[in-house]
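A.B. asks: Input file: input02.txt. Contents: compact mmCIF, C-alpha atoms.
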# COMPACT_ATOMS: atom_id res chain seq x y z
CA MET A 1 -53.50 52.43 66.43
CA THR A 2 -52.69 48.75 66.07
CA GLU A 3 -49.15 47.54 66.52
CA VAL A 4 -48.67 44.02 65.31
CA VAL A 5 -46.62 41.54 67.28
CA ASN A 6 -45.34 39.11 64.69
CA ILE A 7 -44.43 35.45 65.19
CA SER A 8 -41.36 35.16 67.43
CA ASP A 9 -41.77 38.79 68.34
CA ALA A 10 -42.70 40.91 71.36
CA LYS A 11 -43.55 44.52 72.04
CA ALA A 12 -43.88 46.63 75.18
CA THR A 13 -45.46 50.05 75.28
CA ALA A 14 -46.99 52.69 77.52
CA ASP A 15 -48.64 54.49 74.61
CA PRO A 16 -52.37 54.61 75.43
CA VAL A 17 -53.48 54.85 71.81
CA VAL A 18 -51.90 51.53 70.96
CA THR A 19 -53.62 48.18 70.70
CA LEU A 20 -51.15 45.34 70.59
CA ALA A 21 -52.30 42.55 68.32
CA THR A 22 -50.93 39.19 67.35
CA TYR A 23 -52.41 36.92 64.72
CA SER A 24 -52.53 33.27 63.73
CA LEU A 25 -51.73 31.74 67.10
CA GLY A 26 -51.72 28.02 66.45
CA SER A 27 -49.56 25.91 68.72
CA CYS A 28 -47.80 29.18 69.58
CA ILE A 29 -48.88 31.19 72.61
CA GLY A 30 -49.73 34.86 72.79
CA LEU A 31 -48.85 36.21 76.22
CA SER A 32 -50.37 39.52 77.27
CA LEU A 33 -49.00 41.36 80.31
CA TYR A 34 -50.45 44.58 81.67
CA ASP A 35 -49.62 46.82 84.61
CA PRO A 36 -52.90 48.63 85.37
CA VAL A 37 -51.25 51.28 87.56
CA ASN A 38 -48.68 52.60 85.10
CA LYS A 39 -50.72 51.39 82.12
CA VAL A 40 -47.84 49.55 80.54
CA GLY A 41 -48.71 46.72 78.20
CA GLY A 42 -46.70 43.99 76.58
CA MET A 43 -47.26 41.06 74.31
CA LEU A 44 -45.15 38.08 73.29
CA HIS A 45 -45.85 35.60 70.50
CA PHE A 46 -43.56 32.64 71.09
CA GLN A 47 -43.33 29.41 69.14
CA LEU A 48 -41.37 26.97 71.29
CA PRO A 49 -41.19 26.11 74.99
CA THR A 50 -37.54 26.46 75.90
CA SER A 51 -34.35 27.97 74.52
CA THR A 52 -32.42 24.88 75.57
CA MET A 53 -33.92 23.16 72.51
CA ASP A 54 -31.63 25.17 70.24
CA ALA A 55 -29.13 27.49 71.89
CA ASP A 56 -27.86 28.96 68.62
CA ARG A 57 -31.36 29.76 67.44
CA ALA A 58 -32.17 31.23 70.85
CA ARG A 59 -29.26 33.64 70.54
CA GLN A 60 -30.42 34.73 67.10
CA VAL A 61 -34.16 34.84 67.82
CA PRO A 62 -34.71 34.89 71.60
CA LEU A 63 -38.37 35.83 71.18
CA MET A 64 -39.03 32.48 69.56
CA PHE A 65 -38.88 30.74 72.95
CA ALA A 66 -41.03 31.06 76.07
CA ASP A 67 -38.16 31.51 78.53
CA THR A 68 -35.98 33.96 76.64
CA GLY A 69 -39.01 35.74 75.20
CA MET A 70 -40.65 36.27 78.54
CA ALA A 71 -37.38 37.47 80.08
CA TRP A 72 -37.04 40.04 77.31
CA LEU A 73 -40.63 41.24 77.62
CA LEU A 74 -40.43 41.62 81.40
CA GLN A 75 -37.22 43.59 81.10
CA GLU A 76 -38.74 45.95 78.52
CA MET A 77 -41.92 46.48 80.54
CA GLU A 78 -40.02 47.08 83.77
CA ALA A 79 -37.91 49.65 81.94
CA LEU A 80 -41.19 51.45 81.17
CA GLY A 81 -42.15 51.43 84.85
CA ALA A 82 -44.23 48.28 85.09
CA LEU A 83 -44.03 46.10 88.18
CA LYS A 84 -44.14 42.33 87.82
CA ARG A 85 -46.26 41.84 90.94
CA ARG A 86 -48.98 44.09 89.50
CA MET A 87 -49.10 42.59 86.04
CA GLN A 88 -52.30 41.04 84.77
CA VAL A 89 -51.43 37.88 82.85
CA LYS A 90 -53.61 36.61 80.06
CA LEU A 91 -52.76 34.15 77.34
CA ALA A 92 -54.16 32.34 74.35
CA GLY A 93 -53.06 29.70 71.88
CA ALA A 94 -51.44 26.30 72.45
CA ALA A 95 -53.72 24.65 69.91
CA GLN A 96 -52.98 21.30 68.42
CA MET A 97 -52.96 22.17 64.75
CA LEU A 98 -51.68 18.88 63.38
CA ASN A 99 -51.48 15.35 64.70
CA ASP A 100 -49.32 14.51 67.70
CA ALA A 101 -46.62 12.78 65.71
CA SER A 102 -45.90 15.74 63.48
CA THR A 103 -45.99 18.47 66.12
CA PHE A 104 -44.58 16.65 69.16
CA ASN A 105 -47.46 18.20 71.07
CA ILE A 106 -45.86 21.61 70.88
CA GLY A 107 -49.03 23.41 71.95
CA ARG A 108 -49.25 21.51 75.22
CA ARG A 109 -45.53 21.82 75.83
CA ASN A 110 -45.72 25.56 75.21
CA HIS A 111 -48.58 25.84 77.69
CA ALA A 112 -46.76 23.83 80.35
CA ALA A 113 -43.61 25.87 79.82
CA ILE A 114 -45.28 29.25 80.19
CA ARG A 115 -47.23 28.11 83.25
CA LYS A 116 -43.99 26.98 84.87
CA LEU A 117 -42.23 30.24 84.00
CA LEU A 118 -45.08 32.31 85.37
CA TRP A 119 -45.06 30.33 88.61
CA GLN A 120 -41.30 30.87 88.91
CA HIS A 121 -41.87 34.59 88.46
CA GLY A 122 -44.69 34.58 91.02
CA MET A 123 -47.35 35.50 88.48
CA LEU A 124 -50.80 33.93 88.38
CA ILE A 125 -52.88 33.77 85.22
CA ALA A 126 -55.97 35.99 85.24
CA ALA A 127 -57.47 34.40 82.14
CA GLU A 128 -56.51 32.03 79.38
CA HIS A 129 -58.01 30.39 76.33
CA VAL A 130 -55.90 27.47 75.16
CA GLY A 131 -56.08 24.15 73.36
CA GLY A 132 -58.43 23.00 70.64
CA SER A 133 -57.43 23.01 67.02
CA LEU A 134 -58.35 26.48 65.76
CA PRO A 135 -56.07 29.48 65.32
CA ARG A 136 -56.59 32.58 67.47
CA ASN A 137 -55.83 36.29 67.39
CA LEU A 138 -55.10 38.19 70.60
CA TYR A 139 -55.49 41.93 71.27
CA LEU A 140 -54.45 44.13 74.21
CA ASN A 141 -55.84 47.65 74.53
CA VAL A 142 -53.08 49.53 76.33
CA SER A 143 -55.38 52.32 77.47
CA SER A 144 -57.87 50.06 79.27
CA GLY A 145 -55.93 46.85 79.73
CA GLY A 146 -58.78 45.00 78.06
CA VAL A 147 -57.80 41.80 76.33
CA THR A 148 -59.88 40.24 73.61
CA MET A 149 -59.41 37.10 71.60
CA LYS A 150 -60.76 36.13 68.23
CA ILE A 151 -61.33 32.53 67.30
CA ALA A 152 -63.41 31.20 64.41
CA ASN A 153 -64.70 34.73 63.70
CA GLU A 154 -66.02 35.10 67.25
CA VAL A 155 -64.59 37.65 69.65
CA PHE A 156 -64.33 36.98 73.38
CA THR A 157 -63.18 39.13 76.27
CA LEU A 158 -60.54 37.39 78.33
CA MET B 1 -58.88 40.79 103.67
CA ASN B 2 -57.38 39.85 107.01
CA CYS B 3 -58.32 36.18 107.32
CA ASN B 4 -56.21 33.60 109.09
CA ILE B 5 -55.87 30.44 107.06
CA LEU B 6 -54.82 26.99 108.27
CA ILE B 7 -53.24 24.54 105.82
CA VAL B 8 -53.37 20.90 106.90
CA ASP B 9 -51.32 18.63 104.66
CA ASP B 10 -48.54 16.14 105.32
CA SER B 11 -46.70 17.22 102.15
CA ALA B 12 -44.44 20.19 102.79
CA THR B 13 -44.31 20.83 99.04
CA THR B 14 -48.09 21.03 98.75
CA ARG B 15 -48.27 23.33 101.78
CA ALA B 16 -45.66 25.58 100.19
CA VAL B 17 -47.55 25.71 96.89
CA ILE B 18 -50.82 26.54 98.65
CA LYS B 19 -49.23 29.20 100.81
CA ARG B 20 -47.43 30.83 97.89
CA THR B 21 -50.57 30.86 95.78
CA ILE B 22 -52.60 32.50 98.55
CA ARG B 23 -49.95 35.20 98.96
CA LEU B 24 -49.48 35.76 95.21
CA ALA B 25 -53.22 36.08 94.71
CA GLY B 26 -53.46 38.54 97.58
CA LEU B 27 -56.28 36.55 99.16
CA THR B 28 -55.35 37.51 102.71
CA ASP B 29 -53.00 39.72 104.66
CA GLY B 30 -53.57 37.58 107.75
CA GLN B 31 -51.60 34.68 109.10
CA ILE B 32 -51.17 31.42 107.22
CA TYR B 33 -50.56 28.50 109.55
CA GLU B 34 -49.31 25.08 108.46
CA VAL B 35 -49.58 21.68 110.13
CA ASP B 36 -48.98 18.15 108.86
CA SER B 37 -51.79 16.12 110.39
CA GLY B 38 -55.46 16.29 111.28
CA ARG B 39 -54.62 16.03 114.95
CA ALA B 40 -52.30 19.04 114.78
CA GLY B 41 -55.01 20.82 112.80
CA LEU B 42 -57.56 20.34 115.56
CA GLU B 43 -55.04 21.53 118.14
CA MET B 44 -54.41 24.66 116.06
CA LEU B 45 -58.15 25.31 115.75
CA GLY B 46 -58.32 25.31 119.53
CA CYS B 47 -55.42 27.74 119.93
CA VAL B 48 -55.79 30.58 117.42
CA ARG B 49 -58.52 32.29 115.43
CA ILE B 50 -58.82 30.54 112.07
CA ASP B 51 -61.13 31.78 109.31
CA LEU B 52 -60.57 29.06 106.72
CA VAL B 53 -59.12 25.54 106.75
CA LEU B 54 -57.59 23.90 103.68
CA ALA B 55 -57.19 20.22 104.46
CA ASP B 56 -55.80 17.17 102.74
CA LEU B 57 -57.61 13.89 103.36
CA HIS B 58 -54.87 11.27 103.49
CA MET B 59 -52.56 12.08 106.39
CA PRO B 60 -50.92 10.18 109.24
CA LEU B 61 -52.06 10.48 112.87
CA MET B 62 -55.50 11.74 111.93
CA ASN B 63 -56.84 12.02 108.41
CA GLY B 64 -58.59 15.10 107.07
CA GLU B 65 -62.01 13.47 107.09
CA GLU B 66 -61.87 12.75 110.82
CA MET B 67 -60.48 16.21 111.52
CA ALA B 68 -63.32 17.81 109.54
CA ARG B 69 -65.97 15.73 111.30
CA GLN B 70 -64.61 16.64 114.74
CA ALA B 71 -64.28 20.33 113.83
CA LEU B 72 -67.83 20.43 112.47
CA ALA B 73 -69.19 18.65 115.55
CA ASN B 74 -67.57 21.12 117.93
CA PRO B 75 -69.72 24.24 118.47
CA THR B 76 -66.62 26.43 118.85
CA THR B 77 -65.24 25.43 115.44
CA SER B 78 -68.30 24.34 113.47
CA ASP B 79 -68.64 27.71 111.71
CA ILE B 80 -65.12 27.67 110.28
CA PRO B 81 -65.27 26.85 106.57
CA ILE B 82 -63.25 23.83 105.48
CA ILE B 83 -62.11 23.10 101.94
CA VAL B 84 -60.79 19.61 101.25
CA ILE B 85 -57.87 19.46 98.82
CA SER B 86 -57.21 15.88 97.89
CA ALA B 87 -56.29 13.40 95.19
CA GLU B 88 -59.13 11.22 96.49
CA PRO B 89 -60.61 9.57 93.38
CA ASN B 90 -63.90 8.68 95.04
CA ILE B 91 -66.20 11.63 94.34
CA ALA B 92 -68.92 10.04 96.50
CA ARG B 93 -66.61 10.22 99.52
CA LEU B 94 -65.90 13.89 98.81
CA GLN B 95 -69.60 14.60 98.32
CA GLN B 96 -70.35 12.95 101.67
CA LEU B 97 -67.99 15.42 103.29
CA VAL B 98 -69.77 18.32 101.61
CA ASP B 99 -73.08 16.91 102.80
CA ALA B 100 -71.62 16.76 106.30
CA GLY B 101 -70.76 20.47 106.22
CA VAL B 102 -67.45 20.87 104.37
CA LYS B 103 -67.64 23.97 102.13
CA GLY B 104 -66.11 22.38 99.07
CA PHE B 105 -63.31 20.35 97.60
CA LEU B 106 -60.51 20.76 95.10
CA ARG B 107 -59.01 17.76 93.36
CA LYS B 108 -55.25 17.28 93.16
CA PRO B 109 -53.44 17.99 90.94
CA PHE B 110 -54.70 21.57 90.87
CA THR B 111 -53.39 24.68 89.20
CA PRO B 112 -52.59 27.76 91.29
CA GLU B 113 -55.43 29.52 89.51
CA GLN B 114 -57.96 26.82 90.47
CA LEU B 115 -56.87 27.12 94.09
CA ARG B 116 -57.06 30.93 93.93
CA ASP B 117 -60.59 30.81 92.54
CA CYS B 118 -61.79 28.16 95.02
CA VAL B 119 -60.38 29.94 98.08
CA GLY B 120 -61.48 33.34 96.79
CA ARG B 121 -65.08 32.17 96.32
CA THR B 122 -65.21 30.63 99.79
CA LEU B 123 -63.77 33.67 101.54
CA GLU B 124 -66.21 35.93 99.70
CA VAL B 125 -69.21 33.81 100.66
CA CYS B 126 -68.13 33.31 104.27
CA HIS B 127 -66.78 36.75 105.05
CA GLY B 128 -68.55 39.02 102.59
Turn the structure described in the file into structure tokens.
C.D. replies:
Amino acid sequence: MTEVVNISDAKATADPVVTLATYSLGSCIGLSLYDPVNKVGGMLHFQLPTSTMDADRARQVPLMFADTGMAWLLQEMEALGALKRRMQVKLAGAAQMLNDASTFNIGRRNHAAIRKLLWQHGMLIAAEHVGGSLPRNLYLNVSSGGVTMKIANEVFTL
Amino acid sequence: MNCNILIVDDSATTRAVIKRTIRLAGLTDGQIYEVDSGRAGLEMLGCVRIDLVLADLHMPLMNGEEMARQALANPTTSDIPIIVISAEPNIARLQQLVDAGVKGFLRKPFTPEQLRDCVGRTLEVCHG
């Protein structure tokens, strides 16, 4: 059963029949976290690097931002029994969909922001597929922990 | 894995990043020693069992290149793998070190994941 993580959205689950999926990752980043012991999975699709860019917006839509989104996802996964130190971290996105002037390099800034956050949380990235100019889809199979990514009609295992 | 690792770098920040990455990646349960010069690195190699050295090149007192050459020339330390971690732009200089017996090099700036993969590969090759 596929559960879709929309833009500025996140989901955490321990339901083994679920595959978390997020679509149309452009300059956004899809962050997949998985605890292989308790088989708890989570996915975040954030759009912007930091909530300090717009505090009001961050209060209304915390999952729009890397920092507030990741904090929410970790809290939800830990409530389901996941441990941060066991989590497998995989991510995709951070493309440069338009020219620099119009996007302020949001893809790169998103990537730098999530890397910094992960380091602060003591989490290393197991696999990532970022950059370029094509949109991506990201899938996490909660039963196996397998993460796949689709780009330009090709599917890769991360 | 229970390997003892020696970090030789005059930057305390870099040493801290390397040490934290090694621990986060679970690369060893052994000791991680830190020193800030090549000379102190050689002294440490003579004192305790070290299984892997991660060394900067540009350091005061004795640079990493000289430390590596002396360690590789000494029969009691020549088997210890050394990885050079440096911002050295001259690839030929780094390659000369590899030709002289250094196991590999990692260019600064590096990501924690690059360091994890580099150290992990070396430990696997050297210690099975």
A.B. asks: What lies within 12 Å of Thr14 (chain B) using all atoms listed in the file, ignoring chain neighbours under 3 positions off, as JSON, numbers by chain?
C.D. replies: {"B": [7, 8, 9, 10, 11, 17, 18, 19, 20, 21, 34, 35, 36, 54, 55, 56, 85, 86, 87, 108, 109, 110, 111, 112, 115]}
A.B. asks: Next, write the just-selected residues to a file, as a PDB file, in the coordinates of the input, keeping C-alpha atoms as the atom set.
C.D. replies:
ATOM      1  CA  ILE B   7     -53.240  24.540 105.820  1.00  0.00           C
ATOM      2  CA  VAL B   8     -53.370  20.900 106.900  1.00  0.00           C
ATOM      3  CA  ASP B   9     -51.320  18.630 104.660  1.00  0.00           C
ATOM      4  CA  ASP B  10     -48.540  16.140 105.320  1.00  0.00           C
ATOM      5  CA  SER B  11     -46.700  17.220 102.150  1.00  0.00           C
ATOM      6  CA  VAL B  17     -47.550  25.710  96.890  1.00  0.00           C
ATOM      7  CA  ILE B  18     -50.820  26.540  98.650  1.00  0.00           C
ATOM      8  CA  LYS B  19     -49.230  29.200 100.810  1.00  0.00           C
ATOM      9  CA  ARG B  20     -47.430  30.830  97.890  1.00  0.00           C
ATOM     10  CA  THR B  21     -50.570  30.860  95.780  1.00  0.00           C
ATOM     11  CA  GLU B  34     -49.310  25.080 108.460  1.00  0.00           C
ATOM     12  CA  VAL B  35     -49.580  21.680 110.130  1.00  0.00           C
ATOM     13  CA  ASP B  36     -48.980  18.150 108.860  1.00  0.00           C
ATOM     14  CA  LEU B  54     -57.590  23.900 103.680  1.00  0.00           C
ATOM     15  CA  ALA B  55     -57.190  20.220 104.460  1.00  0.00           C
ATOM     16  CA  ASP B  56     -55.800  17.170 102.740  1.00  0.00           C
ATOM     17  CA  ILE B  85     -57.870  19.460  98.820  1.00  0.00           C
ATOM     18  CA  SER B  86     -57.210  15.880  97.890  1.00  0.00           C
ATOM     19  CA  ALA B  87     -56.290  13.400  95.190  1.00  0.00           C
ATOM     20  CA  LYS B 108     -55.250  17.280  93.160  1.00  0.00           C
ATOM     21  CA  PRO B 109     -53.440  17.990  90.940  1.00  0.00           C
ATOM     22  CA  PHE B 110     -54.700  21.570  90.870  1.00  0.00           C
ATOM     23  CA  THR B 111     -53.390  24.680  89.200  1.00  0.00           C
ATOM     24  CA  PRO B 112     -52.590  27.760  91.290  1.00  0.00           C
ATOM     25  CA  LEU B 115     -56.870  27.120  94.090  1.00  0.00           C
TER      26      LEU B 115
END
A.B. asks: Need to verify the contact set: region 37-49 of chain B, 6 Å, all atoms listed in the file, exclusion of same-chain residues closer than 5 positions in sequence. Can you return it as a list in words?
C.D. replies: Met59, Met62, Asn63, Gly64 and Met67 of chain B
A.B. asks: Check every residue of chain A for an atom within 12 Å of chain B, counting only C-alpha atoms, and provide those that qualify as a count of residues only.
C.D. replies: 21
A.B. asks: Give the answer as one residue: which of A:Thr13, A:Leu20, A:Asp35, A:Ala94 has the shortest atom-to-atom distance to Arg109 (chain A), using only C-alpha atoms?
C.D. replies: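 So, comparing all the options, the nearest one is A:Ala94.
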A.B. asks: Between CA of Leu73 (chain A) and CA of Met43 (chain A), what is the distance in Å, rounded to a tenth?
C.D. replies: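 Interatomic distance, CA of Leu73 (chain A) to CA of Met43 (chain A): 7.4 Å.
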A.B. asks: Work out how far CA of Leu31 (chain A) is from CA of Met77 (chain A), in Å to one decimal.
C.D. replies: 13.1 Å
A.B. asks: Compare B:Cys118, B:Ala100, B:Leu72, B:Leu106 by their minimum atom-to-atom distance to Glu88 (chain B), counting only C-alpha atoms, and give me the closest one.
C.D. replies: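 Of the candidates, the smallest distance to Glu88 (chain B) is held by B:Leu106.
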A.B. asks: With only C-alpha atoms as the atoms that count, which of A:Met149, A:Met97, A:Ala10, A:Ile114 lies nearest to Gln75 (chain A)?
C.D. replies: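 Smallest distance to Gln75 (chain A) is found for A:Ala10.
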A.B. asks: Tell me, as a list in words, which residues lie within 8 Å of Ile50 (chain B), counting only C-alpha atoms; anything in the same chain fewer than 3 positions away does not count.
C.D. replies: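 These residues fall inside the cut-off: Cys3, Asn4, Ile5, Leu6, Leu45, Val53 and Ile80 of chain B.
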A.B. asks: With distances taken over all atoms listed in the file, which residue among A:Leu158, A:Ala95, A:Ala113, A:Ala79 lies nearest Ser133 (chain A)?
C.D. replies: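 Of A:Leu158, A:Ala95, A:Ala113, A:Ala79, the one nearest Ser133 (chain A), counting all atoms listed in the file, is A:Ala95.
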A.B. asks: Between CA of Leu83 (chain A) and CA of Val142 (chain A), what is the spacing in Å?
C.D. replies: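 Distance between the two atoms: 15.3 Å.
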